[in-house]
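Q: Data: model.tsv, TSV, N, CA and C atoms.
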```
chain	number	residue	atom	x	y	z
A	1	MET	N	57.33	152.44	218.56
A	1	MET	CA	58.08	151.25	218.95
A	1	MET	C	57.61	150.09	218.09
A	2	ARG	N	58.53	149.32	217.67
A	2	ARG	CA	58.20	148.16	216.84
A	2	ARG	C	57.66	147.05	217.71
A	3	ALA	N	56.93	146.15	217.11
A	3	ALA	CA	56.29	145.05	217.83
A	3	ALA	C	57.32	144.14	218.49
A	4	SER	N	58.44	143.89	217.82
A	4	SER	CA	59.46	143.00	218.40
A	4	SER	C	60.09	143.64	219.64
A	5	ARG	N	60.27	144.95	219.61
A	5	ARG	CA	60.85	145.64	220.77
A	5	ARG	C	59.87	145.60	221.94
A	6	LYS	N	58.58	145.78	221.67
A	6	LYS	CA	57.56	145.70	222.72
A	6	LYS	C	57.53	144.31	223.33
A	7	LEU	N	57.68	143.31	222.49
A	7	LEU	CA	57.69	141.92	222.97
A	7	LEU	C	58.88	141.67	223.88
A	8	VAL	N	60.05	142.17	223.51
A	8	VAL	CA	61.26	141.99	224.32
A	8	VAL	C	61.10	142.71	225.66
A	9	VAL	N	60.59	143.92	225.64
A	9	VAL	CA	60.40	144.67	226.87
A	9	VAL	C	59.37	143.96	227.76
A	10	GLY	N	58.28	143.50	227.18
A	10	GLY	CA	57.26	142.78	227.94
A	10	GLY	C	57.80	141.51	228.56
A	11	LEU	N	58.58	140.74	227.80
A	11	LEU	CA	59.19	139.52	228.33
A	11	LEU	C	60.18	139.84	229.45
A	12	ALA	N	60.93	140.92	229.32
A	12	ALA	CA	61.88	141.30	230.36
A	12	ALA	C	61.15	141.66	231.65
A	13	VAL	N	60.03	142.36	231.54
A	13	VAL	CA	59.24	142.71	232.72
A	13	VAL	C	58.69	141.45	233.39
A	14	ILE	N	58.20	140.51	232.60
A	14	ILE	CA	57.65	139.26	233.14
A	14	ILE	C	58.75	138.45	233.83
A	15	VAL	N	59.90	138.34	233.22
A	15	VAL	CA	61.01	137.60	233.83
A	15	VAL	C	61.46	138.27	235.12
A	16	ALA	N	61.54	139.59	235.14
A	16	ALA	CA	61.93	140.30	236.36
A	16	ALA	C	60.90	140.08	237.48
A	17	ALA	N	59.62	140.08	237.14
A	17	ALA	CA	58.58	139.86	238.14
A	17	ALA	C	58.67	138.44	238.70
A	18	ILE	N	58.88	137.46	237.85
A	18	ILE	CA	59.00	136.07	238.31
A	18	ILE	C	60.23	135.92	239.19
A	19	ALA	N	61.34	136.54	238.83
A	19	ALA	CA	62.55	136.47	239.63
A	19	ALA	C	62.34	137.12	241.00
A	20	ALA	N	61.63	138.24	241.05
A	20	ALA	CA	61.38	138.92	242.32
A	20	ALA	C	60.51	138.06	243.23
A	21	VAL	N	59.49	137.42	242.68
A	21	VAL	CA	58.62	136.55	243.48
A	21	VAL	C	59.40	135.34	243.98
A	22	ALA	N	60.21	134.74	243.12
A	22	ALA	CA	61.01	133.58	243.53
A	22	ALA	C	62.00	133.97	244.62
A	23	TYR	N	62.65	135.11	244.50
A	23	TYR	CA	63.61	135.55	245.50
A	23	TYR	C	62.95	135.78	246.85
A	24	SER	N	61.80	136.45	246.85
A	24	SER	CA	61.13	136.70	248.13
A	24	SER	C	60.62	135.41	248.75
A	25	GLY	N	60.19	134.46	247.95
A	25	GLY	CA	59.74	133.16	248.47
A	25	GLY	C	60.87	132.37	249.08
A	26	ILE	N	62.00	132.36	248.43
A	26	ILE	CA	63.17	131.64	248.95
A	26	ILE	C	63.67	132.31	250.22
A	27	ARG	N	63.68	133.62	250.23
A	27	ARG	CA	64.18	134.34	251.40
A	27	ARG	C	63.28	134.12	252.61
A	28	SER	N	61.97	134.11	252.42
A	28	SER	CA	61.07	133.93	253.56
A	28	SER	C	61.05	132.48	254.03
A	29	ALA	N	61.41	131.54	253.17
A	29	ALA	CA	61.41	130.13	253.55
A	29	ALA	C	62.71	129.70	254.21
A	30	ALA	N	63.73	130.51	254.13
A	30	ALA	CA	65.02	130.17	254.73
A	30	ALA	C	64.90	130.17	256.25
A	31	VAL	N	65.46	129.17	256.88
A	31	VAL	CA	65.39	129.04	258.32
A	31	VAL	C	66.76	129.40	258.90
A	32	TYR	N	66.80	130.52	259.59
A	32	TYR	CA	68.03	130.94	260.22
A	32	TYR	C	67.95	130.66	261.71
A	33	TYR	N	69.04	130.24	262.29
A	33	TYR	CA	69.09	130.05	263.73
A	33	TYR	C	70.50	130.34	264.21
A	34	LEU	N	70.58	130.60	265.50
A	34	LEU	CA	71.86	130.87	266.14
A	34	LEU	C	72.13	129.82	267.20
A	35	THR	N	73.37	129.61	267.52
A	35	THR	CA	73.72	128.78	268.66
A	35	THR	C	73.71	129.70	269.89
A	36	PRO	N	73.63	129.15	271.10
A	36	PRO	CA	73.68	130.01	272.29
A	36	PRO	C	74.93	130.89	272.35
A	37	THR	N	76.08	130.39	271.92
A	37	THR	CA	77.30	131.19	271.93
A	37	THR	C	77.20	132.36	270.96
A	38	GLU	N	76.67	132.11	269.75
A	38	GLU	CA	76.49	133.19	268.78
A	38	GLU	C	75.52	134.24	269.31
A	39	PHE	N	74.45	133.78	269.95
A	39	PHE	CA	73.46	134.70	270.49
A	39	PHE	C	74.05	135.55	271.61
A	40	ALA	N	74.84	134.95	272.49
A	40	ALA	CA	75.45	135.69	273.60
A	40	ALA	C	76.38	136.79	273.11
A	41	ALA	N	76.97	136.60	271.93
A	41	ALA	CA	77.89	137.59	271.38
A	41	ALA	C	77.18	138.72	270.64
A	42	ARG	N	75.87	138.59	270.44
A	42	ARG	CA	75.11	139.58	269.66
A	42	ARG	C	74.19	140.39	270.55
A	43	ALA	N	74.67	141.47	271.09
A	43	ALA	CA	73.87	142.33	271.97
A	43	ALA	C	72.70	142.97	271.23
A	44	ASP	N	72.82	143.13	269.91
A	44	ASP	CA	71.77	143.77	269.13
A	44	ASP	C	70.51	142.89	268.99
A	45	LEU	N	70.59	141.61	269.36
A	45	LEU	CA	69.45	140.70	269.22
A	45	LEU	C	68.71	140.45	270.52
A	46	LYS	N	69.04	141.15	271.58
A	46	LYS	CA	68.45	140.87	272.89
A	46	LYS	C	66.94	141.07	272.91
A	47	ASP	N	66.40	141.94	272.07
A	47	ASP	CA	64.95	142.20	272.05
A	47	ASP	C	64.27	141.60	270.83
A	48	ALA	N	64.97	140.83	270.04
A	48	ALA	CA	64.42	140.30	268.80
A	48	ALA	C	63.78	138.92	269.00
A	49	GLN	N	62.84	138.61	268.13
A	49	GLN	CA	62.29	137.25	268.04
A	49	GLN	C	63.37	136.43	267.35
A	50	LEU	N	63.73	135.28	267.89
A	50	LEU	CA	64.85	134.53	267.33
A	50	LEU	C	64.66	133.03	267.46
A	51	ARG	N	65.57	132.33	266.79
A	51	ARG	CA	65.63	130.87	266.86
A	51	ARG	C	67.00	130.48	267.37
A	52	LEU	N	67.00	129.60	268.37
A	52	LEU	CA	68.26	129.09	268.90
A	52	LEU	C	68.29	127.58	268.73
A	53	ALA	N	69.44	127.06	268.37
A	53	ALA	CA	69.61	125.62	268.24
A	53	ALA	C	70.63	125.16	269.25
A	54	GLY	N	70.34	124.05	269.90
A	54	GLY	CA	71.27	123.50	270.87
A	54	GLY	C	70.77	122.17	271.40
A	55	ARG	N	71.52	121.64	272.33
A	55	ARG	CA	71.19	120.35	272.94
A	55	ARG	C	70.61	120.61	274.33
A	56	VAL	N	69.52	119.88	274.67
A	56	VAL	CA	68.92	120.01	275.99
A	56	VAL	C	69.92	119.51	277.02
A	57	VAL	N	70.25	120.35	277.98
A	57	VAL	CA	71.24	120.01	278.99
A	57	VAL	C	70.63	119.03	279.99
A	58	ALA	N	71.33	117.92	280.22
A	58	ALA	CA	70.86	116.88	281.15
A	58	ALA	C	70.70	117.47	282.55
A	59	GLY	N	69.59	117.12	283.20
A	59	GLY	CA	69.34	117.55	284.56
A	59	GLY	C	68.70	118.92	284.69
A	60	THR	N	68.41	119.58	283.58
A	60	THR	CA	67.84	120.93	283.66
A	60	THR	C	66.34	120.97	283.36
A	61	VAL	N	65.76	119.86	282.96
A	61	VAL	CA	64.34	119.86	282.62
A	61	VAL	C	63.53	119.99	283.91
A	62	ARG	N	62.73	121.06	284.00
A	62	ARG	CA	61.90	121.33	285.17
A	62	ARG	C	60.44	121.08	284.81
A	63	ARG	N	59.75	120.43	285.72
A	63	ARG	CA	58.34	120.11	285.49
A	63	ARG	C	57.50	120.70	286.61
A	64	ALA	N	56.28	121.09	286.26
A	64	ALA	CA	55.30	121.58	287.24
A	64	ALA	C	53.92	121.16	286.75
A	65	GLY	N	53.19	120.49	287.61
A	65	GLY	CA	51.86	120.05	287.22
A	65	GLY	C	51.87	119.04	286.09
A	66	GLY	N	52.93	118.24	286.00
A	66	GLY	CA	53.02	117.23	284.95
A	66	GLY	C	53.46	117.78	283.61
A	67	ARG	N	53.77	119.05	283.52
A	67	ARG	CA	54.21	119.66	282.26
A	67	ARG	C	55.63	120.15	282.39
A	68	VAL	N	56.34	120.15	281.29
A	68	VAL	CA	57.68	120.73	281.26
A	68	VAL	C	57.52	122.25	281.21
A	69	VAL	N	58.14	122.94	282.13
A	69	VAL	CA	58.03	124.40	282.17
A	69	VAL	C	59.36	125.09	281.91
A	70	GLY	N	60.44	124.34	281.88
A	70	GLY	CA	61.72	124.96	281.60
A	70	GLY	C	62.82	123.94	281.42
A	71	PHE	N	63.85	124.38	280.74
A	71	PHE	CA	65.04	123.57	280.51
A	71	PHE	C	66.13	124.49	280.00
A	72	ALA	N	67.32	123.99	279.89
A	72	ALA	CA	68.43	124.77	279.34
A	72	ALA	C	68.92	124.10	278.08
A	73	ILE	N	69.36	124.92	277.13
A	73	ILE	CA	69.99	124.38	275.93
A	73	ILE	C	71.42	124.90	275.86
A	74	SER	N	72.29	124.11	275.25
A	74	SER	CA	73.69	124.48	275.17
A	74	SER	C	74.28	123.99	273.85
A	75	ASP	N	75.30	124.70	273.40
A	75	ASP	CA	76.05	124.26	272.23
A	75	ASP	C	77.40	123.68	272.64
A	76	GLY	N	77.54	123.40	273.94
A	76	GLY	CA	78.79	122.87	274.45
A	76	GLY	C	79.66	123.93	275.09
A	77	THR	N	79.37	125.20	274.81
A	77	THR	CA	80.13	126.30	275.37
A	77	THR	C	79.26	127.19	276.25
A	78	THR	N	78.12	127.59	275.72
A	78	THR	CA	77.22	128.50	276.41
A	78	THR	C	75.86	127.84	276.59
A	79	ALA	N	75.26	128.05	277.75
A	79	ALA	CA	73.92	127.51	278.02
A	79	ALA	C	72.95	128.67	278.20
A	80	ILE	N	71.73	128.48	277.72
A	80	ILE	CA	70.67	129.48	277.87
A	80	ILE	C	69.46	128.79	278.46
A	81	ASP	N	68.88	129.40	279.49
A	81	ASP	CA	67.68	128.88	280.12
A	81	ASP	C	66.47	129.17	279.23
A	82	VAL	N	65.57	128.20	279.12
A	82	VAL	CA	64.38	128.33	278.28
A	82	VAL	C	63.15	128.08	279.14
A	83	ARG	N	62.16	128.96	279.03
A	83	ARG	CA	60.86	128.75	279.67
A	83	ARG	C	59.86	128.46	278.57
A	84	TYR	N	59.04	127.43	278.78
A	84	TYR	CA	58.08	127.05	277.75
A	84	TYR	C	56.85	126.47	278.40
A	85	ASP	N	55.69	126.91	277.96
A	85	ASP	CA	54.43	126.37	278.44
A	85	ASP	C	53.59	125.99	277.23
A	86	GLY	N	53.75	124.77	276.82
A	86	GLY	CA	53.03	124.29	275.65
A	86	GLY	C	53.36	122.84	275.40
A	87	PRO	N	52.74	122.28	274.39
A	87	PRO	CA	53.00	120.86	274.09
A	87	PRO	C	54.39	120.69	273.48
A	88	LEU	N	55.09	119.70	273.97
A	88	LEU	CA	56.42	119.40	273.46
A	88	LEU	C	56.36	118.28	272.44
A	89	PRO	N	57.28	118.26	271.51
A	89	PRO	CA	57.32	117.16	270.53
A	89	PRO	C	57.58	115.83	271.24
A	90	ASP	N	57.13	114.75	270.63
A	90	ASP	CA	57.31	113.42	271.21
A	90	ASP	C	58.79	113.07	271.42
A	91	LEU	N	59.65	113.56	270.57
A	91	LEU	CA	61.07	113.23	270.66
A	91	LEU	C	61.84	114.11	271.63
A	92	PHE	N	61.18	115.02	272.34
A	92	PHE	CA	61.87	115.89	273.29
A	92	PHE	C	62.42	115.06	274.43
A	93	ALA	N	63.70	115.23	274.73
A	93	ALA	CA	64.36	114.52	275.83
A	93	ALA	C	65.67	115.22	276.14
A	94	GLU	N	66.22	114.92	277.30
A	94	GLU	CA	67.54	115.43	277.65
A	94	GLU	C	68.56	114.92	276.64
A	95	GLU	N	69.54	115.75	276.37
A	95	GLU	CA	70.63	115.44	275.44
A	95	GLU	C	70.16	115.39	273.97
A	96	ARG	N	68.96	115.83	273.68
A	96	ARG	CA	68.43	115.83	272.31
A	96	ARG	C	68.60	117.22	271.71
A	97	GLU	N	68.92	117.27	270.42
A	97	GLU	CA	69.03	118.54	269.72
A	97	GLU	C	67.64	119.15	269.55
A	98	VAL	N	67.51	120.44	269.85
A	98	VAL	CA	66.24	121.15	269.70
A	98	VAL	C	66.46	122.48	269.01
A	99	LEU	N	65.40	122.98	268.43
A	99	LEU	CA	65.35	124.32	267.84
A	99	LEU	C	64.24	125.05	268.57
A	100	VAL	N	64.57	126.17	269.19
A	100	VAL	CA	63.64	126.90	270.05
A	100	VAL	C	63.41	128.29	269.47
A	101	GLU	N	62.14	128.68	269.33
A	101	GLU	CA	61.80	130.02	268.87
A	101	GLU	C	61.23	130.81	270.04
A	102	GLY	N	61.61	132.07	270.16
A	102	GLY	CA	61.07	132.88	271.23
A	102	GLY	C	61.78	134.21	271.35
A	103	ARG	N	61.57	134.84	272.50
A	103	ARG	CA	62.13	136.17	272.77
A	103	ARG	C	62.75	136.15	274.16
A	104	LEU	N	63.85	136.83	274.32
A	104	LEU	CA	64.54	136.88	275.60
A	104	LEU	C	63.73	137.73	276.58
A	105	GLU	N	63.44	137.16	277.75
A	105	GLU	CA	62.76	137.87	278.83
A	105	GLU	C	63.60	137.69	280.09
A	106	GLY	N	64.27	138.73	280.49
A	106	GLY	CA	65.21	138.62	281.60
A	106	GLY	C	66.41	137.81	281.16
A	107	ALA	N	66.73	136.77	281.93
A	107	ALA	CA	67.88	135.93	281.60
A	107	ALA	C	67.46	134.67	280.85
A	108	ALA	N	66.16	134.47	280.65
A	108	ALA	CA	65.68	133.24	280.02
A	108	ALA	C	64.97	133.55	278.70
A	109	LEU	N	64.99	132.58	277.82
A	109	LEU	CA	64.27	132.69	276.55
A	109	LEU	C	62.84	132.23	276.78
A	110	ALA	N	61.87	133.08	276.55
A	110	ALA	CA	60.46	132.70	276.64
A	110	ALA	C	60.09	132.11	275.29
A	111	ALA	N	60.01	130.80	275.23
A	111	ALA	CA	59.81	130.10	273.97
A	111	ALA	C	58.34	130.07	273.57
A	112	THR	N	58.11	130.24	272.28
A	112	THR	CA	56.77	130.10	271.73
A	112	THR	C	56.65	128.81	270.94
A	113	ARG	N	57.79	128.20	270.63
A	113	ARG	CA	57.78	126.95	269.85
A	113	ARG	C	59.05	126.17	270.14
A	114	VAL	N	58.92	124.86	270.28
A	114	VAL	CA	60.06	123.97	270.49
A	114	VAL	C	59.95	122.85	269.46
A	115	MET	N	61.03	122.64	268.71
A	115	MET	CA	61.08	121.56	267.72
A	115	MET	C	62.29	120.69	268.01
A	116	THR	N	62.15	119.40	267.80
A	116	THR	CA	63.28	118.50	267.98
A	116	THR	C	63.79	118.04	266.63
A	117	THR	N	65.02	117.58	266.63
A	117	THR	CA	65.58	117.01	265.42
A	117	THR	C	65.58	115.50	265.56
A	118	HIS	N	65.59	114.84	264.47
A	118	HIS	CA	65.65	113.37	264.49
A	118	HIS	C	67.10	112.94	264.63
A	119	PRO	N	67.33	111.82	265.29
A	119	PRO	CA	68.70	111.33	265.40
A	119	PRO	C	69.30	111.11	264.01
A	120	THR	N	70.59	111.36	263.87
A	120	THR	CA	71.23	111.20	262.57
A	120	THR	C	71.67	109.78	262.31
A	121	GLU	N	71.62	108.96	263.31
A	121	GLU	CA	72.04	107.57	263.12
A	121	GLU	C	70.86	106.63	263.31
A	122	TYR	N	70.85	105.60	262.54
A	122	TYR	CA	69.80	104.60	262.64
A	122	TYR	C	70.28	103.48	263.54
A	123	LYS	N	69.48	103.15	264.53
A	123	LYS	CA	69.81	102.04	265.40
A	123	LYS	C	68.76	100.95	265.18
A	124	GLU	N	69.23	99.84	264.68
A	124	GLU	CA	68.33	98.74	264.41
A	124	GLU	C	67.89	98.09	265.72
A	125	GLY	N	66.61	97.79	265.79
A	125	GLY	CA	66.06	97.13	266.99
A	125	GLY	C	66.46	95.67	267.02
A	126	PRO	N	66.07	94.99	268.09
A	126	PRO	CA	66.40	93.55	268.18
A	126	PRO	C	65.66	92.78	267.09
A	127	PRO	N	66.25	91.69	266.62
A	127	PRO	CA	65.62	90.93	265.54
A	127	PRO	C	64.27	90.35	266.02
A	128	GLN	N	63.31	90.39	265.11
A	128	GLN	CA	61.98	89.85	265.41
A	128	GLN	C	62.02	88.33	265.21
A	129	ARG	N	61.45	87.58	266.13
A	129	ARG	CA	61.43	86.12	266.02
A	129	ARG	C	60.03	85.65	265.83
```
Reformat the file's structure so that it appears as structure tokens.

A:
Amino acid sequence: MRASRKLVVGLAVIVAAIAAVAYSGIRSAAVYYLTPTEFAARADLKDAQLRLAGRVVAGTVRRAGGRVVGFAISDGTTAIDVRYDGPLPDLFAEEREVLVEGRLEGAALAATRVMTTHPTEYKEGPPQR
């Protein structure tokens, strides 16, 4: 084999390796989530670890011992009950968009992580005097 051919083959192997590493990094960093309606339609995901996105339904936040232990999230069509025992983000509130990670246990999602989204609109406070 000539030196130039070896160089081309070597460069092709290096480029393929870099592309494979980049692809796996992008794929693992992608955040996939389902809405409650999408999840309800997917019977194959009932035992899977998953992420659901929705809005905390007003009046469903349950507290015990000063901690939030459950709430429901909805996408406007379907609601799913969530059980969670852990620290909640500061922005957690009723009617707030949340992303919940966990596994379905019975009829409720046993959450291992709850994340909130920031409001999409900026509301200016009262003018400072």

Q: I'd like the box whose edges run along x, y and z of the file and which contains every listed atom of stretch 90-99 of chain A, padded by 4 Å per side; could you state its centre and edge lengths in Å, one decimal, as JSON?

A:
```
{"center_x": 63.9, "center_y": 119.1, "center_z": 272.7, "size_x": 21.5, "size_y": 20.0, "size_z": 17.8}
```

Q: Please provide as an MDAnalysis selection string all residues within 6.5 Å of stretch 74-87 of chain A, with the sequence filter that same-chain residues fewer than 4 positions apart are discarded (counting all atoms listed in the file).

A: chainID A and resid 35:37 53:57 68:70 107:112

Q: So how many Å separate atom CA of A:Gly106 and atom C of A:Ala64, to one decimal?

A: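 Calculated distance between atom CA of A:Gly106 and atom C of A:Ala64 is 21.4 Å.
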
Q: For the structure I just gave you, how does DSSP split chain A - specifically, which residues are alpha helix (DSSP H)? Reply as a PyMOL selection string.

A: chain A and resi 3-29+36-40

Q: Identify all residues of chain A in strand (DSSP E) (DSSP on the backbone) and supply them as a CSV table (one decimal) with N, CA and C atoms, in the coordinates of the input.

A:
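Contents of the output file selection.csv:
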```
chain,number,residue,atom,x,y,z
A,49,GLN,N,62.8,138.6,268.1
A,49,GLN,CA,62.3,137.2,268.0
A,49,GLN,C,63.4,136.4,267.4
A,50,LEU,N,63.7,135.3,267.9
A,50,LEU,CA,64.8,134.5,267.3
A,50,LEU,C,64.7,133.0,267.5
A,51,ARG,N,65.6,132.3,266.8
A,51,ARG,CA,65.6,130.9,266.9
A,51,ARG,C,67.0,130.5,267.4
A,52,LEU,N,67.0,129.6,268.4
A,52,LEU,CA,68.3,129.1,268.9
A,52,LEU,C,68.3,127.6,268.7
A,53,ALA,N,69.4,127.1,268.4
A,53,ALA,CA,69.6,125.6,268.2
A,53,ALA,C,70.6,125.2,269.2
A,54,GLY,N,70.3,124.0,269.9
A,54,GLY,CA,71.3,123.5,270.9
A,54,GLY,C,70.8,122.2,271.4
A,55,ARG,N,71.5,121.6,272.3
A,55,ARG,CA,71.2,120.4,272.9
A,55,ARG,C,70.6,120.6,274.3
A,56,VAL,N,69.5,119.9,274.7
A,56,VAL,CA,68.9,120.0,276.0
A,56,VAL,C,69.9,119.5,277.0
A,62,ARG,N,62.7,121.1,284.0
A,62,ARG,CA,61.9,121.3,285.2
A,62,ARG,C,60.4,121.1,284.8
A,63,ARG,N,59.8,120.4,285.7
A,63,ARG,CA,58.3,120.1,285.5
A,63,ARG,C,57.5,120.7,286.6
A,64,ALA,N,56.3,121.1,286.3
A,64,ALA,CA,55.3,121.6,287.2
A,64,ALA,C,53.9,121.2,286.8
A,67,ARG,N,53.8,119.0,283.5
A,67,ARG,CA,54.2,119.7,282.3
A,67,ARG,C,55.6,120.2,282.4
A,68,VAL,N,56.3,120.2,281.3
A,68,VAL,CA,57.7,120.7,281.3
A,68,VAL,C,57.5,122.2,281.2
A,69,VAL,N,58.1,122.9,282.1
A,69,VAL,CA,58.0,124.4,282.2
A,69,VAL,C,59.4,125.1,281.9
A,70,GLY,N,60.4,124.3,281.9
A,70,GLY,CA,61.7,125.0,281.6
A,70,GLY,C,62.8,123.9,281.4
A,71,PHE,N,63.8,124.4,280.7
A,71,PHE,CA,65.0,123.6,280.5
A,71,PHE,C,66.1,124.5,280.0
A,72,ALA,N,67.3,124.0,279.9
A,72,ALA,CA,68.4,124.8,279.3
A,72,ALA,C,68.9,124.1,278.1
A,73,ILE,N,69.4,124.9,277.1
A,73,ILE,CA,70.0,124.4,275.9
A,73,ILE,C,71.4,124.9,275.9
A,74,SER,N,72.3,124.1,275.2
A,74,SER,CA,73.7,124.5,275.2
A,74,SER,C,74.3,124.0,273.8
A,79,ALA,N,75.3,128.0,277.8
A,79,ALA,CA,73.9,127.5,278.0
A,79,ALA,C,73.0,128.7,278.2
A,80,ILE,N,71.7,128.5,277.7
A,80,ILE,CA,70.7,129.5,277.9
A,80,ILE,C,69.5,128.8,278.5
A,81,ASP,N,68.9,129.4,279.5
A,81,ASP,CA,67.7,128.9,280.1
A,81,ASP,C,66.5,129.2,279.2
A,82,VAL,N,65.6,128.2,279.1
A,82,VAL,CA,64.4,128.3,278.3
A,82,VAL,C,63.2,128.1,279.1
A,83,ARG,N,62.2,129.0,279.0
A,83,ARG,CA,60.9,128.8,279.7
A,83,ARG,C,59.9,128.5,278.6
A,97,GLU,N,68.9,117.3,270.4
A,97,GLU,CA,69.0,118.5,269.7
A,97,GLU,C,67.6,119.2,269.6
A,98,VAL,N,67.5,120.4,269.8
A,98,VAL,CA,66.2,121.2,269.7
A,98,VAL,C,66.5,122.5,269.0
A,99,LEU,N,65.4,123.0,268.4
A,99,LEU,CA,65.4,124.3,267.8
A,99,LEU,C,64.2,125.0,268.6
A,100,VAL,N,64.6,126.2,269.2
A,100,VAL,CA,63.6,126.9,270.0
A,100,VAL,C,63.4,128.3,269.5
A,101,GLU,N,62.1,128.7,269.3
A,101,GLU,CA,61.8,130.0,268.9
A,101,GLU,C,61.2,130.8,270.0
A,102,GLY,N,61.6,132.1,270.2
A,102,GLY,CA,61.1,132.9,271.2
A,102,GLY,C,61.8,134.2,271.4
A,103,ARG,N,61.6,134.8,272.5
A,103,ARG,CA,62.1,136.2,272.8
A,103,ARG,C,62.8,136.2,274.2
A,104,LEU,N,63.8,136.8,274.3
A,104,LEU,CA,64.5,136.9,275.6
A,104,LEU,C,63.7,137.7,276.6
A,105,GLU,N,63.4,137.2,277.8
A,105,GLU,CA,62.8,137.9,278.8
A,105,GLU,C,63.6,137.7,280.1
A,108,ALA,N,66.2,134.5,280.6
A,108,ALA,CA,65.7,133.2,280.0
A,108,ALA,C,65.0,133.6,278.7
A,109,LEU,N,65.0,132.6,277.8
A,109,LEU,CA,64.3,132.7,276.6
A,109,LEU,C,62.8,132.2,276.8
A,110,ALA,N,61.9,133.1,276.6
A,110,ALA,CA,60.5,132.7,276.6
A,110,ALA,C,60.1,132.1,275.3
A,111,ALA,N,60.0,130.8,275.2
A,111,ALA,CA,59.8,130.1,274.0
A,111,ALA,C,58.3,130.1,273.6
A,112,THR,N,58.1,130.2,272.3
A,112,THR,CA,56.8,130.1,271.7
A,112,THR,C,56.6,128.8,270.9
A,113,ARG,N,57.8,128.2,270.6
A,113,ARG,CA,57.8,127.0,269.8
A,113,ARG,C,59.0,126.2,270.1
A,114,VAL,N,58.9,124.9,270.3
A,114,VAL,CA,60.1,124.0,270.5
A,114,VAL,C,60.0,122.8,269.5
A,115,MET,N,61.0,122.6,268.7
A,115,MET,CA,61.1,121.6,267.7
A,115,MET,C,62.3,120.7,268.0
A,116,THR,N,62.2,119.4,267.8
A,116,THR,CA,63.3,118.5,268.0
A,116,THR,C,63.8,118.0,266.6
```
